[in-house]
Amino acid sequence: KARKLLKSLSFKQGVKYDSFQSAAEIPAFIEFHGLNVEEILDPLDSFKTFNEFFYRKLKPSARPIESPDDPYRLVSAADCRLMTFATIDDATRLWIKGREFSVPKLLGDAYRDEAERYKDGALVIFRLAPQDYHRFHSPVEGTIGPMSVISGEYYTVNPQAIRSSLDVYGENVRKIVPIDSPQFGRVMAVCIGAMMVGSIKTTVQEGEHVRRGQEFGYFAFGGSTIVMLFERDRVVWDEDLLINGRASLETLVRFGTGIGMGRRPATAAV
């Protein structure tokens, strides 16, 4: 019953924020959250619905990419509350408490057979709150692999839910976007819908080459999350982020900020 209600609420809210009348709510939202309108690419009067504003684009100068010439510098995929874990086991011990959570379940039928690739691999969680910029970007250079949509629930992705016995990440609606990177191997981006989210949109095609920091999608209204998996020994997270993760603290991070380093091959070491 609760599942049906959440799904119904989610779609009703999505319809509401796609209506022309909803544009009237934009100024109050900006004021309440103290948003910096100078960063927004398009003029405010160009947004015909609240949802158009919600997945607004920012001026490129608002979020510069750290170390633009170093493909081994991993950058944040979104404006978010971030958590990094050296291993998936650390993530489940410290943060993801869902009893049924597992990598095969998270990846769904299309990629279940690839779960072994992430054994002892690293994990990062990008959690977007409603006031955040809601487009997401590739943290690495690479090529987009075959994408897979998994139908599911619309549970909230707030920390209380993630730390409950409910397997939010493995139950919610999600889209799997593999990114094959020369520096990081196959990075698996799991874009997870949540309560009051109408849809997960991707803005890239299978086979497309993406630059580090290039947009690859956005969420319509609501809070939402991206979980990314990395193969073992491919990435070293910045120490301050790991310390916060071990203390079960999220870190407020903007898209484009450096969050980790890829392990360079010995021959490429500087």
# chains A, B, ... in the order shown; residues from 1 in each chain; ligands from 1

call {"tool": "residues_around", "arguments": {"residues": "region 119-130 of chain A", "least_positions_apart": "4", "cutoff": "7 Å", "atoms": "only C-alpha atoms", "output": "number ranges by chain"}}
result
A: 78-88, 222-233

call {"tool": "residues_around", "arguments": {"residues": "region 245-255 of chain A", "least_positions_apart": "6", "cutoff": "12 Å", "atoms": "only C-alpha atoms", "output": "VMD selection string"}}
result
chain A and resid 58 60 to 66 74 to 87 90 to 97 123 to 129 132 to 139 158 to 160 162 to 163 212 to 215 237 to 239

call {"tool": "select_by_dssp", "arguments": {"residues": "region 14-181 of chain A", "states": "alpha helix (DSSP H)", "output": "VMD selection string"}}
result
chain A and resid 14 to 17 26 to 33 50 to 54 88 to 94 103 to 111 159 to 162 168 to 171

call {"tool": "write_last_selection", "arguments": {"atoms": "N, CA and C atoms", "output": "compact mmCIF listing (two decimals), in the first residue's frame"}}
result
# COMPACT_ATOMS: atom_id res chain seq x y z
N GLY A 14 5.07 15.11 -10.14
CA GLY A 14 5.73 15.35 -11.42
C GLY A 14 4.82 16.09 -12.38
N VAL A 15 3.54 15.69 -12.44
CA VAL A 15 2.56 16.35 -13.31
C VAL A 15 2.36 17.79 -12.87
N LYS A 16 2.25 17.98 -11.55
CA LYS A 16 2.05 19.33 -11.00
C LYS A 16 3.19 20.26 -11.43
N TYR A 17 4.43 19.79 -11.31
CA TYR A 17 5.57 20.66 -11.60
C TYR A 17 5.86 20.78 -13.09
N ILE A 26 8.65 29.40 -8.68
CA ILE A 26 10.11 29.51 -8.83
C ILE A 26 10.72 30.59 -7.93
N PRO A 27 10.18 31.84 -7.90
CA PRO A 27 10.82 32.88 -7.08
C PRO A 27 10.90 32.52 -5.60
N ALA A 28 9.83 31.92 -5.05
CA ALA A 28 9.82 31.56 -3.63
C ALA A 28 10.85 30.45 -3.35
N PHE A 29 11.00 29.52 -4.28
CA PHE A 29 11.97 28.43 -4.14
C PHE A 29 13.40 29.00 -4.11
N ILE A 30 13.67 29.94 -5.02
CA ILE A 30 14.99 30.58 -5.08
C ILE A 30 15.29 31.29 -3.77
N GLU A 31 14.28 32.03 -3.28
CA GLU A 31 14.49 32.80 -2.04
C GLU A 31 14.67 31.89 -0.84
N PHE A 32 13.83 30.86 -0.74
CA PHE A 32 13.88 29.96 0.41
C PHE A 32 15.24 29.26 0.51
N HIS A 33 15.79 28.84 -0.64
CA HIS A 33 17.05 28.08 -0.64
C HIS A 33 18.28 28.97 -0.86
N PHE A 50 7.95 24.79 -13.41
CA PHE A 50 8.90 24.64 -12.31
C PHE A 50 9.95 23.60 -12.66
N ASN A 51 9.53 22.52 -13.31
CA ASN A 51 10.48 21.45 -13.63
C ASN A 51 11.58 21.93 -14.58
N GLU A 52 11.22 22.80 -15.53
CA GLU A 52 12.24 23.35 -16.43
C GLU A 52 13.30 24.09 -15.62
N PHE A 53 12.85 24.80 -14.59
CA PHE A 53 13.80 25.50 -13.71
C PHE A 53 14.59 24.48 -12.88
N PHE A 54 13.92 23.44 -12.43
CA PHE A 54 14.55 22.46 -11.54
C PHE A 54 15.76 21.81 -12.20
N ILE A 88 33.43 -1.54 -1.32
CA ILE A 88 31.98 -1.69 -1.18
C ILE A 88 31.67 -2.27 0.20
N ASP A 89 32.55 -3.13 0.71
CA ASP A 89 32.35 -3.67 2.06
C ASP A 89 32.33 -2.55 3.10
N ASP A 90 33.23 -1.57 2.95
CA ASP A 90 33.23 -0.43 3.87
C ASP A 90 31.89 0.30 3.80
N ALA A 91 31.38 0.47 2.58
CA ALA A 91 30.12 1.19 2.40
C ALA A 91 28.97 0.49 3.11
N THR A 92 28.94 -0.85 3.02
CA THR A 92 27.83 -1.57 3.65
C THR A 92 28.02 -1.67 5.17
N ARG A 93 29.26 -1.65 5.61
CA ARG A 93 29.52 -1.70 7.06
C ARG A 93 29.19 -0.36 7.72
N LEU A 94 29.52 0.73 7.01
CA LEU A 94 29.42 2.06 7.62
C LEU A 94 28.14 2.80 7.29
N VAL A 103 25.60 -5.89 -4.89
CA VAL A 103 25.96 -5.31 -6.19
C VAL A 103 25.18 -5.96 -7.33
N PRO A 104 25.04 -7.30 -7.37
CA PRO A 104 24.24 -7.90 -8.45
C PRO A 104 22.81 -7.35 -8.49
N LYS A 105 22.20 -7.19 -7.31
CA LYS A 105 20.83 -6.67 -7.27
C LYS A 105 20.79 -5.22 -7.73
N LEU A 106 21.78 -4.42 -7.29
CA LEU A 106 21.86 -3.01 -7.68
C LEU A 106 21.95 -2.86 -9.19
N LEU A 107 22.76 -3.72 -9.83
CA LEU A 107 23.00 -3.61 -11.27
C LEU A 107 21.88 -4.20 -12.12
N GLY A 108 21.04 -5.04 -11.51
CA GLY A 108 19.90 -5.60 -12.25
C GLY A 108 20.31 -6.68 -13.23
N ASP A 109 19.33 -7.22 -13.92
CA ASP A 109 19.56 -8.38 -14.79
C ASP A 109 20.57 -8.12 -15.90
N ALA A 110 20.54 -6.93 -16.49
CA ALA A 110 21.41 -6.65 -17.64
C ALA A 110 22.89 -6.72 -17.28
N TYR A 111 23.21 -6.36 -16.04
CA TYR A 111 24.63 -6.29 -15.65
C TYR A 111 24.97 -7.16 -14.44
N PRO A 159 19.38 10.05 4.28
CA PRO A 159 20.28 9.17 5.06
C PRO A 159 19.56 8.20 6.00
N GLN A 160 18.44 8.65 6.58
CA GLN A 160 17.72 7.75 7.50
C GLN A 160 17.24 6.49 6.79
N ALA A 161 16.80 6.66 5.54
CA ALA A 161 16.32 5.50 4.77
C ALA A 161 17.48 4.59 4.38
N ILE A 162 18.61 5.20 3.99
CA ILE A 162 19.76 4.39 3.56
C ILE A 162 20.33 3.61 4.74
N VAL A 168 17.02 0.56 -0.31
CA VAL A 168 16.52 1.64 -1.17
C VAL A 168 17.18 1.60 -2.55
N TYR A 169 18.50 1.49 -2.60
CA TYR A 169 19.22 1.54 -3.87
C TYR A 169 18.84 0.37 -4.78
N GLY A 170 18.63 -0.80 -4.19
CA GLY A 170 18.31 -1.98 -4.98
C GLY A 170 16.84 -2.14 -5.31
N GLU A 171 15.98 -1.31 -4.68
CA GLU A 171 14.53 -1.41 -4.92
C GLU A 171 14.01 -0.28 -5.81

call {"tool": "closest_residue", "arguments": {"among": "A:Gly152, A:Arg99, A:Arg73, A:Ser22", "to": "Arg234 (chain A)", "atoms": "only C-alpha atoms"}}
result
A:Arg73

call {"tool": "residues_around", "arguments": {"residues": "Gly142 (chain A)", "least_positions_apart": "4", "cutoff": "7 Å", "atoms": "only C-alpha atoms", "output": "list in words"}}
result
Ile179, Asp180, Ser181, Pro182, His209, Val210 and Arg211 of chain A

call {"tool": "select_by_dssp", "arguments": {"residues": "region 165-213 of chain A", "states": "strand (DSSP E)", "output": "ChimeraX atom specification"}}
result
/A:174-181,185-192,200-202,209-210

call {"tool": "residues_around", "arguments": {"residues": "Tyr155 (chain A)", "least_positions_apart": "2", "cutoff": "7 Å", "atoms": "only C-alpha atoms", "output": "list in words"}}
result
Glu153, Val157, Val168, Asn172, Ala194 and Met195 of chain A

call {"tool": "atom_distance", "arguments": {"atom1": "CA of Leu44 (chain A)", "atom2": "CA of Val204 (chain A)"}}
result
25.9 Å
